[in-house]
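Peer 1: File input.txt below, compact mmCIF, C-alpha atoms and all ligand atoms:
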# COMPACT_ATOMS: atom_id res chain seq x y z
CA MET A 15 16.56 -25.30 -1.20
CA ASP A 16 18.23 -21.98 -1.58
CA ARG A 17 15.68 -19.23 -1.15
CA GLY A 18 18.11 -16.53 -0.19
CA VAL A 19 17.05 -14.27 -3.04
CA LEU A 20 16.71 -11.24 -0.87
CA MET A 21 19.90 -11.92 0.98
CA ALA A 22 21.89 -12.20 -2.23
CA PRO A 23 24.83 -9.82 -2.21
CA ALA A 24 24.26 -6.63 -4.14
CA GLY A 25 25.08 -7.10 -7.79
CA SER A 26 24.18 -10.75 -8.06
CA PRO A 27 21.17 -11.49 -10.27
CA PRO A 28 17.84 -12.31 -8.61
CA ALA A 29 17.54 -16.06 -8.35
CA GLY A 30 13.87 -16.81 -8.68
CA GLY A 31 11.64 -13.84 -7.96
CA PHE A 32 8.80 -13.68 -5.49
CA SER A 33 6.71 -16.10 -7.51
CA ALA A 34 8.98 -18.90 -6.34
CA ALA A 35 8.09 -18.20 -2.72
CA MET A 36 8.25 -21.29 -0.59
CA ALA A 37 5.14 -23.41 -0.73
CA GLY A 38 3.54 -24.70 2.44
CA LEU A 39 3.00 -21.36 4.19
CA GLU A 40 -0.68 -21.38 3.22
CA ALA A 41 -1.32 -23.45 6.31
CA PHE A 42 -0.27 -20.55 8.52
CA SER A 43 -2.06 -17.29 9.22
CA ASP A 44 -0.45 -14.20 7.73
CA ALA A 45 0.39 -13.05 11.23
CA GLU A 46 2.28 -16.31 11.83
CA VAL A 47 4.10 -15.89 8.53
CA MET A 48 5.02 -12.34 9.53
CA VAL A 49 6.46 -13.66 12.78
CA ARG A 50 8.74 -15.82 10.65
CA VAL A 51 9.76 -12.76 8.66
CA LYS A 52 10.59 -11.12 11.97
CA ALA A 53 12.81 -14.11 12.78
CA GLY A 54 14.71 -13.58 9.54
CA ASP A 55 12.93 -16.00 7.21
CA GLN A 56 13.19 -14.40 3.77
CA SER A 57 10.97 -16.93 2.05
CA ALA A 58 8.17 -15.95 4.43
CA PHE A 59 8.49 -12.37 3.24
CA ASP A 60 8.46 -13.51 -0.40
CA TYR A 61 5.26 -15.36 0.35
CA LEU A 62 3.54 -12.25 1.71
CA VAL A 63 4.68 -10.20 -1.29
CA GLN A 64 3.33 -12.84 -3.60
CA LYS A 65 0.02 -12.94 -1.78
CA TYR A 66 -0.60 -9.22 -1.44
CA ARG A 67 1.07 -7.54 -4.41
CA ARG A 68 -1.95 -7.81 -6.69
CA PRO A 69 -4.51 -6.47 -4.20
CA LEU A 70 -2.12 -3.75 -3.10
CA VAL A 71 -1.40 -2.60 -6.64
CA GLY A 72 -5.15 -2.54 -7.25
CA PHE A 73 -5.76 -0.55 -4.09
CA MET A 74 -3.03 1.94 -4.89
CA TYR A 75 -4.18 2.21 -8.48
CA ARG A 76 -7.64 3.27 -7.41
CA MET A 77 -6.22 5.68 -4.86
CA ALA A 78 -3.53 7.15 -7.10
CA ARG A 79 -5.29 6.67 -10.46
CA ASN A 80 -1.98 6.00 -12.10
CA ALA A 81 -0.52 2.59 -12.80
CA ALA A 82 3.14 3.56 -12.43
CA ALA A 83 2.55 5.41 -9.16
CA ALA A 84 0.45 2.49 -7.92
CA GLU A 85 3.32 0.05 -8.38
CA ASP A 86 5.76 2.40 -6.77
CA LEU A 87 3.48 2.91 -3.77
CA ALA A 88 2.74 -0.81 -3.41
CA GLN A 89 6.48 -1.50 -3.37
CA GLU A 90 6.91 1.17 -0.75
CA VAL A 91 4.32 -0.61 1.42
CA PHE A 92 6.36 -3.82 1.26
CA LEU A 93 9.55 -1.93 2.05
CA ARG A 94 7.91 -0.46 5.12
CA VAL A 95 6.66 -3.85 6.20
CA TYR A 96 10.18 -5.15 5.85
CA ARG A 97 11.68 -2.24 7.76
CA ALA A 98 9.17 -2.67 10.57
CA ARG A 99 9.48 -6.46 10.76
CA GLU A 100 11.45 -6.47 13.99
CA THR A 101 8.71 -4.68 15.90
CA TYR A 102 5.78 -6.52 14.39
CA GLU A 103 3.38 -7.81 17.05
CA PRO A 104 0.92 -10.44 15.88
CA SER A 105 -1.86 -8.94 18.01
CA ALA A 106 -3.46 -7.23 15.02
CA LYS A 107 -4.55 -9.00 11.89
CA PHE A 108 -1.71 -8.77 9.38
CA ALA A 109 -3.92 -7.49 6.55
CA THR A 110 -5.24 -4.72 8.79
CA TRP A 111 -1.70 -3.63 9.60
CA LEU A 112 -0.75 -3.82 5.92
CA TYR A 113 -3.71 -1.73 4.80
CA ARG A 114 -3.04 0.80 7.48
CA ILE A 115 0.44 1.33 6.07
CA ALA A 116 -0.99 1.37 2.54
CA THR A 117 -3.76 3.80 3.44
CA ASN A 118 -1.35 6.17 5.03
CA LEU A 119 0.89 6.16 1.98
CA ALA A 120 -2.03 6.56 -0.40
CA VAL A 121 -3.46 9.49 1.54
CA ASN A 122 -0.12 11.24 1.65
CA HIS A 123 0.41 10.65 -2.04
CA ALA A 124 -3.03 12.04 -2.84
CA ARG A 125 -2.28 15.16 -0.81
CA ASP A 126 1.17 15.62 -2.31
CA THR A 127 -0.09 15.35 -5.86
CA ARG A 128 -3.38 17.16 -5.47
CA HIS A 129 -2.28 20.01 -7.71
CA GLU A 130 -0.92 17.79 -10.43
CA ARG A 131 -4.11 15.79 -10.42
CA ALA A 132 -6.31 18.84 -10.72
CA GLU A 133 -4.54 19.71 -13.94
CA VAL A 134 -4.97 16.32 -15.51
CA THR A 135 -7.45 16.75 -18.29
CA VAL A 136 -8.72 13.66 -19.95
CA SER A 137 -9.16 13.82 -23.66
CA LEU A 138 -11.40 11.24 -25.18
CA ASP A 139 -9.43 11.25 -28.41
CA GLU A 140 -6.16 10.10 -26.94
CA PRO A 141 -5.19 6.75 -25.53
CA ASP A 142 -5.34 6.79 -21.79
CA GLU A 143 -1.89 6.82 -20.27
CA GLU A 144 -3.09 6.22 -16.75
CA THR A 145 -4.90 3.01 -17.41
CA GLY A 146 -2.72 1.52 -20.08
CA THR A 147 -4.84 -0.79 -22.11
CA THR A 148 -8.20 -0.48 -20.43
CA PHE A 149 -9.62 1.98 -22.92
CA GLU A 150 -7.61 0.91 -25.91
CA LEU A 151 -8.96 -2.58 -26.04
CA PRO A 152 -12.74 -2.35 -25.97
CA ASP A 153 -14.63 -5.61 -25.78
CA GLY A 154 -14.83 -7.35 -29.09
CA GLY A 155 -17.94 -6.43 -31.01
CA LEU A 156 -18.26 -2.89 -29.67
CA THR A 157 -18.68 -0.18 -32.25
CA ALA A 158 -16.54 2.92 -31.96
CA GLU A 159 -19.50 4.77 -30.55
CA GLN A 160 -20.29 2.11 -27.98
CA ALA A 161 -16.66 2.09 -26.96
CA LEU A 162 -16.80 5.83 -26.50
CA VAL A 163 -19.93 5.60 -24.36
CA ARG A 164 -18.32 2.89 -22.29
CA ARG A 165 -15.25 4.98 -21.83
CA GLU A 166 -17.26 7.97 -20.78
CA ARG A 167 -19.07 5.87 -18.21
CA LEU A 168 -15.79 4.57 -16.88
CA LEU A 169 -14.39 8.07 -16.55
CA ALA A 170 -17.52 9.09 -14.67
CA ILE A 171 -17.23 6.16 -12.24
CA ARG A 172 -13.60 6.91 -11.59
CA GLY A 173 -14.26 10.62 -11.25
CA LYS A 174 -17.16 10.21 -8.83
CA VAL A 175 -15.30 7.77 -6.59
CA GLU A 176 -12.36 10.11 -6.59
CA ALA A 177 -14.57 13.07 -5.71
CA LEU A 178 -15.81 11.40 -2.51
CA PRO A 179 -14.48 12.75 0.78
CA GLU A 180 -11.24 10.99 1.69
CA ARG A 181 -12.57 8.54 4.24
CA GLN A 182 -15.63 7.64 2.19
CA ARG A 183 -13.41 7.00 -0.79
CA LEU A 184 -11.09 4.80 1.28
CA ALA A 185 -14.05 2.91 2.71
CA VAL A 186 -15.62 2.29 -0.70
CA ILE A 187 -12.35 1.17 -2.27
CA MET A 188 -11.64 -1.23 0.59
CA HIS A 189 -15.20 -2.53 0.68
CA LYS A 190 -16.04 -2.75 -3.01
CA TYR A 191 -12.66 -3.49 -4.55
CA GLN A 192 -10.65 -5.10 -1.75
CA GLN A 193 -13.61 -7.12 -0.47
CA MET A 194 -13.05 -6.06 3.11
CA GLY A 195 -15.87 -6.19 5.66
CA TYR A 196 -17.08 -3.35 7.92
CA LYS A 197 -15.06 -4.59 10.87
CA GLN A 198 -11.73 -4.66 9.10
CA ILE A 199 -12.29 -1.32 7.37
CA ALA A 200 -13.21 0.12 10.77
CA GLU A 201 -9.92 -1.14 12.19
CA VAL A 202 -7.87 0.29 9.34
CA LEU A 203 -9.58 3.67 9.60
CA LYS A 204 -9.74 3.51 13.41
CA LEU A 205 -13.46 4.12 13.44
CA SER A 206 -16.32 2.32 15.13
CA GLU A 207 -18.09 -0.27 13.08
CA SER A 208 -21.29 1.75 13.03
CA ALA A 209 -19.44 4.88 11.90
CA THR A 210 -17.84 2.85 9.12
CA LYS A 211 -21.22 1.51 8.13
CA SER A 212 -22.77 4.94 7.86
CA LEU A 213 -19.70 6.17 5.97
CA LEU A 214 -20.26 3.42 3.41
CA PHE A 215 -24.00 4.03 3.17
CA ARG A 216 -23.48 7.71 2.50
CA ALA A 217 -20.78 6.97 -0.05
CA TYR A 218 -22.89 4.48 -1.98
CA GLU A 219 -25.91 6.79 -1.85
CA THR A 220 -23.81 9.61 -3.29
CA LEU A 221 -22.37 7.39 -6.01
CA ARG A 222 -25.78 6.10 -6.97
CA GLU A 223 -27.20 9.60 -7.13
CA GLN A 224 -24.32 10.99 -9.17
CA LEU A 225 -24.07 8.05 -11.53
CA LYS A 226 -27.79 7.52 -12.03
CA GLU A 227 -27.64 8.45 -15.71
CA PHE A 228 -25.51 5.35 -16.26
CA ILE A 229 -27.63 2.98 -14.23
CA MET B 10 -36.73 -9.09 11.33
CA THR B 11 -36.95 -5.32 10.85
CA CYS B 12 -36.19 -3.27 7.74
CA ASP B 13 -33.26 -1.63 9.53
CA GLU B 14 -31.68 -4.97 10.36
CA VAL B 15 -31.95 -6.07 6.75
CA ARG B 16 -30.68 -2.77 5.32
CA ASP B 17 -27.72 -2.81 7.63
CA LYS B 18 -26.20 -5.69 5.72
CA MET B 19 -27.15 -4.57 2.23
CA PRO B 20 -23.78 -3.19 1.14
CA ASP B 21 -22.09 -6.47 2.14
CA VAL B 22 -24.79 -8.56 0.47
CA ALA B 23 -24.77 -6.44 -2.70
CA ALA B 24 -20.96 -6.54 -2.86
CA GLY B 25 -21.06 -10.31 -2.56
CA LEU B 26 -19.17 -10.39 0.74
CA ILE B 27 -21.96 -12.28 2.46
CA ALA B 28 -25.16 -14.02 1.40
CA ALA B 29 -28.55 -13.04 2.76
CA THR B 30 -29.68 -15.40 5.51
CA GLY B 31 -32.92 -17.30 5.24
CA GLU B 32 -34.71 -14.80 7.44
CA GLU B 33 -33.37 -11.87 5.48
CA SER B 34 -34.42 -13.47 2.21
CA LYS B 35 -37.89 -13.99 3.62
CA HIS B 36 -38.11 -10.34 4.60
CA LEU B 37 -36.89 -9.24 1.17
CA ALA B 38 -39.53 -11.38 -0.51
CA SER B 39 -42.28 -9.70 1.47
CA CYS B 40 -40.98 -6.08 1.70
CA ASP B 41 -40.92 -4.16 -1.57
CA ALA B 42 -39.06 -1.22 -0.04
CA CYS B 43 -36.15 -3.35 1.11
CA ALA B 44 -36.11 -5.41 -2.08
CA GLY B 45 -35.98 -2.19 -4.10
CA LYS B 46 -33.18 -0.85 -1.94
CA LEU B 47 -31.12 -3.99 -2.41
CA ALA B 48 -31.67 -3.85 -6.17
CA GLU B 49 -30.37 -0.28 -6.13
CA PHE B 50 -27.27 -1.32 -4.23
CA ARG B 51 -26.68 -4.15 -6.69
CA GLN B 52 -26.95 -1.78 -9.66
CA THR B 53 -24.45 0.59 -8.10
CA MET B 54 -22.06 -2.27 -7.37
CA ALA B 55 -22.38 -3.60 -10.92
CA LEU B 56 -21.53 -0.17 -12.28
CA LEU B 57 -18.50 0.08 -10.00
CA ASP B 58 -17.35 -3.32 -11.24
CA GLU B 59 -16.53 -1.74 -14.57
CA TRP B 60 -13.59 0.07 -13.06
CA GLN B 61 -10.89 -2.56 -13.32
CA ALA B 62 -7.37 -2.22 -11.96
CA PRO B 63 -4.36 -3.34 -13.99
CA GLU B 64 -2.36 -6.40 -12.98
CA PRO B 65 1.09 -5.76 -11.50
CA SER B 66 3.53 -5.27 -14.36
CA PRO B 67 6.21 -7.90 -15.11
CA TYR B 68 8.75 -5.48 -13.63
CA PHE B 69 7.08 -5.29 -10.25
CA ASP B 70 9.02 -8.16 -8.64
CA VAL B 71 12.36 -7.23 -10.15
CA CYS B 72 11.93 -3.63 -9.10
CA LEU B 73 10.87 -4.55 -5.57
CA GLN B 74 13.81 -6.93 -5.21
CA ALA B 75 16.18 -4.20 -6.30
CA ARG B 76 14.67 -1.79 -3.78
CA LEU B 77 14.92 -4.38 -1.02
CA ARG B 78 18.56 -5.08 -1.79
CA GLU B 79 19.20 -1.36 -1.75
CA GLU B 80 17.39 -1.18 1.57
CA MET B 81 19.56 -3.94 3.01
CA ALA B 82 22.76 -2.39 1.70
CA LYS B 83 21.76 1.05 2.92
CA PRO B 84 23.66 2.34 5.92
CA GLN B 85 21.62 2.14 9.07
CA ALA B 86 20.34 5.37 10.51
CA GLY B 87 22.42 6.97 13.24
CA TRP B 88 25.92 8.28 13.66
CA LEU B 89 27.57 5.02 12.66
CA GLN B 90 26.35 5.48 9.09
CA TRP B 91 29.17 7.90 8.47
CA PHE B 92 31.63 5.11 8.98
CA ARG B 93 29.68 2.70 6.83
CA ARG B 94 29.58 4.76 3.68
CA PRO B 95 32.36 3.41 1.52
CA VAL B 96 33.36 6.74 -0.02
CA LEU B 97 33.39 8.52 3.30
CA ALA B 98 35.17 5.66 4.99
CA ALA B 99 37.79 5.67 2.26
CA ALA B 100 38.16 9.45 2.48
CA LEU B 101 38.47 9.21 6.24
CA THR B 102 41.06 6.49 5.91
CA VAL B 103 43.08 8.53 3.46
CA LEU B 104 42.85 11.58 5.69
CA MET B 105 43.98 9.58 8.71
CA GLY B 106 46.67 7.98 6.62
CA VAL B 107 47.89 11.35 5.44
CA GLY B 108 47.79 12.68 8.99
CA ILE B 109 49.64 9.72 10.39
CA GLY B 110 51.95 9.70 7.43
CA LEU B 111 52.74 13.34 7.99
CA PHE B 112 53.33 12.63 11.64
CA PHE B 113 55.70 9.76 10.92
CA ASN B 114 57.29 11.61 8.03
CA HIS B 115 57.89 14.50 10.26
CA GLY B 116 59.47 12.31 12.89
CA ARG B 117 61.29 9.60 10.97
CA GLY B 118 60.54 10.05 7.26
CA ARG B 119 58.94 6.57 6.88
CA TYR B 120 55.67 4.55 7.32
CA ASN B 121 53.54 6.63 4.95
CA SER B 122 50.90 4.03 4.35
CA GLY B 123 51.05 1.30 6.93
CA PRO B 124 48.23 1.98 9.42
CA ASN B 125 45.51 2.79 6.90
CA GLN B 126 43.99 -0.67 6.65
CA ALA B 127 43.99 -1.22 10.35
CA MET B 128 42.07 2.04 10.76
CA ALA B 129 39.46 1.07 8.18
CA ASP B 130 38.96 -2.32 9.80
CA ASN B 131 37.83 -0.76 13.02
CA PHE B 132 34.47 0.15 11.52
CA GLY B 133 32.69 -3.09 10.78
CA PRO B 134 28.97 -3.70 10.33
CA VAL B 135 26.60 -3.28 13.25
CA GLU B 136 25.94 -6.51 15.12
CA PRO B 137 22.25 -7.31 15.54
CA GLY B 138 20.97 -7.27 19.09
CA THR B 139 23.40 -4.63 20.24
CA ALA B 140 22.44 -1.30 21.72
CA VAL B 141 23.28 0.35 18.40
CA SER B 142 21.02 -1.90 16.35
CA ASP B 143 18.23 -1.47 18.88
CA LEU B 144 18.47 2.28 18.54
CA GLN B 145 18.36 1.96 14.79
CA ALA B 146 15.25 -0.18 14.97
CA LEU B 147 13.65 2.43 17.22
CA GLU B 148 14.45 5.20 14.80
CA LYS B 149 12.86 3.32 11.94
CA ASN B 150 9.75 2.56 13.92
CA HIS B 151 9.45 6.18 14.77
CA GLU B 152 9.18 6.89 11.06
CA LEU B 153 6.39 4.33 10.70
CA TYR B 154 4.41 5.44 13.72
CA ALA B 155 4.73 9.11 12.90
CA ASP B 156 2.95 8.23 9.67
CA PHE B 157 0.23 6.45 11.58
CA GLU B 158 -0.41 9.56 13.61
CA LEU B 159 -0.93 11.37 10.35
CA LEU B 160 -3.47 8.76 9.40
CA ASP B 161 -5.34 9.32 12.63
CA ASP B 162 -5.83 12.91 11.57
CA LEU B 163 -7.71 11.93 8.42
CA GLN B 164 -9.89 14.89 7.68
CA VAL B 165 -13.01 14.45 9.69
CA GLN B 166 -14.49 17.67 8.37
CA ASP B 167 -14.63 16.12 4.91
CA ASP B 168 -17.24 13.73 6.07
CA VAL B 169 -19.12 16.29 8.05
CA THR B 170 -19.40 18.86 5.27
CA ALA B 171 -19.90 16.58 2.32
CA ASN B 172 -23.20 15.04 1.30
CA PRO B 173 -25.09 15.95 4.47
ZN ZN C 1 -38.07 -4.03 4.81
Could I get this file's structure written as structure tokens?

Peer 2:
Amino acid sequence: MDRGVLMAPAGSPPAGGFSAAMAGLEAFSDAEVMVRVKAGDQSAFDYLVQKYRRPLVGFMYRMARNAAAAEDLAQEVFLRVYRARETYEPSAKFATWLYRIATNLAVNHARDTRHERAEVTVSLDEPDEETGTTFELPDGGLTAEQALVRRERLLAIRGKVEALPERQRLAVIMHKYQQMGYKQIAEVLKLSESATKSLLFRAYETLREQLKEFI
Amino acid sequence: MTCDEVRDKMPDVAAGLIAATGEESKHLASCDACAGKLAEFRQTMALLDEWQAPEPSPYFDVCLQARLREEMAKPQAGWLQWFRRPVLAAALTVLMGVGIGLFFNHGRGRYNSGPNQAMADNFGPVEPGTAVSDLQALEKNHELYADFELLDDLQVQDDVTANP
């Protein structure tokens, strides 16, 4: 089976895409798969892309608040993984390593675009460019007014998560939306588990307090 | 089982990462304060659920593949890259050719173009596992680890000053 998609000479069309990544790698840990990437196995890399692209795009979307930037940043994470493949050591959990790269990129992006973001004003009358279809396709059966209320609530949620201090925001996004436990978040943020726990408690307390009108 | 022990796990329980153990459930059934706290966490989580992220676009894979191919075709970092850029290599070859041509022309009036190809062939791709490729790998890792150091500096004061 020819899975040399990524090794194809420049100019030749992609053969199958990442979705055709070799089956059978599920039996291995991600760290083991990454070791195969290190050894030059392109299908192993395809497999990791396939497995992590959706969560990474989601993570970057909530950090960057912009779908196009999220895709660009998620791709950059995979490029960095690829570039660093030769020095990968399977001592750390692969996902932890991946999210450390992703977190770093997201934080830098947030800092680089802080000014642009401050100027983004959201008008309720216009379709939302940042979310694509989220606001444009309200659930069936909602009246225009209900849709507006829903949208307002959504903007508040987004805004309040975004307004959290950097590490609290990272911790909440990893915990709530990436389904990562205290221990793994602690490893990504290089904090103790108890510090991570209190970070999360404070963040959720703040969110609850600031969003109480919607609860 | 104390209230603190139960509350410790509440974010994970409310987020659905873990289920409450039998003992924890027993405590929750008998302690209104903890039960109320867990209900609060669940409400907050349910609200946060409304913020959905979009799926990767259909262009994600194609775009990533293109970037990876570009990455692979890209000249490696280091001094050798100058010889691996086609335009520069061609320019260099022409320059050498002209120089050599001038030299031969000056001497014997012939051989204007002969040695060019031989010159260009001297600069092949870097073999993996050589000192040069090792250095290149090091340089790239430096980029990655420099970023990690940045991450270590994540603003601590944010957490200290915000919501005391
Ligand atoms: Zn209690």

Peer 1: Residues of chain A were defined as contacting chain B if any atom lay at most 8 Å from it, counting only C-alpha atoms; please report them as a ChimeraX atom specification.

Peer 2: /A:20-24,28,31-32,67-68,71-72,75-76,81,85,89,93-94,97-98,100-101,114-115,117-118,121,145-146,148,168,171-172,179-182,189-190,193-195,203-204,211,213-216,218,220-222,228-229

Peer 1: Show me which residues sit within 6 Å of ligand ZN 1 (chain C) when counting all atoms listed in the file, and put them as a VMD selection string.

Peer 2: chain B and resid 12 40 42 to 43

Peer 1: Please identify all polymer residues within 12 Å of Glu201 of chain A, counting all atoms listed in the file, omitting same-chain residues fewer than 5 positions from it, and present them as a PyMOL selection string.

Peer 2: (chain A and resi 106-114+117+185+188+194-196+206-210) or (chain B and resi 161)

Peer 1: Would you work out the distance separating atom CA of Glu90 of chain A from atom CA of Ala120 of chain A, expressed in Å to one decimal?

Peer 2: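 Value for the atom CA of Glu90 of chain A-atom CA of Ala120 of chain A distance: 10.4 Å.
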
Peer 1: Tell me which protein, DNA and RNA residues are within 12 Å of Glu32 of chain B, counting all atoms listed in the file, leaving out same-chain ones fewer than 3 positions away, and put them as a list in words.

Peer 2: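 Residues meeting the cut-off are Met10, Thr11, Cys12, Glu14, Val15, Ala28, Ala29, Lys35, His36, Leu37, Ala38 and Ser39 of chain B.
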
Peer 1: Suppose we keep C-alpha atoms; can you now write the selection as a PDB file, in the frame of the given file?

Peer 2:
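Printed below is again_20.pdb as written:
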ATOM      1  CA  MET B  10     -36.730  -9.090  11.330  1.00  0.00           C
ATOM      2  CA  THR B  11     -36.950  -5.320  10.850  1.00  0.00           C
ATOM      3  CA  CYS B  12     -36.190  -3.270   7.740  1.00  0.00           C
ATOM      4  CA  GLU B  14     -31.680  -4.970  10.360  1.00  0.00           C
ATOM      5  CA  VAL B  15     -31.950  -6.070   6.750  1.00  0.00           C
ATOM      6  CA  ALA B  28     -25.160 -14.020   1.400  1.00  0.00           C
ATOM      7  CA  ALA B  29     -28.550 -13.040   2.760  1.00  0.00           C
ATOM      8  CA  LYS B  35     -37.890 -13.990   3.620  1.00  0.00           C
ATOM      9  CA  HIS B  36     -38.110 -10.340   4.600  1.00  0.00           C
ATOM     10  CA  LEU B  37     -36.890  -9.240   1.170  1.00  0.00           C
ATOM     11  CA  ALA B  38     -39.530 -11.380  -0.510  1.00  0.00           C
ATOM     12  CA  SER B  39     -42.280  -9.700   1.470  1.00  0.00           C
TER      13      SER B  39
END

Peer 1: Provide the atom CA of Glu223 of chain A to atom CA of Asp41 of chain B distance in Å, to one decimal place.

Peer 2: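 Between atom CA of Glu223 of chain A and atom CA of Asp41 of chain B the gap works out to 20.2 Å.
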
Peer 1: Could you please determine the separation between atom CA of Asp13 of chain B and atom CA of Ala48 of chain B in Å, to one decimal place?

Peer 2: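 Result for atom CA of Asp13 of chain B versus atom CA of Ala48 of chain B: 15.9 Å, one decimal.
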
Peer 1: Using only C-alpha atoms, which residue out of A:Lys226, A:His123, A:Arg183, A:Arg165 lies closest to Ala83 of chain A?

Peer 2: A:His123

Peer 1: Go through A:Leu39, A:Ala116, A:Ala88, A:Ala78 one by one, measure the shortest atom-to-atom distance of each to Arg128 of chain A using all atoms listed in the file, and give the residue with the smallest value.

Peer 2: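 Of the candidates, the smallest distance to Arg128 of chain A is held by A:Ala78.
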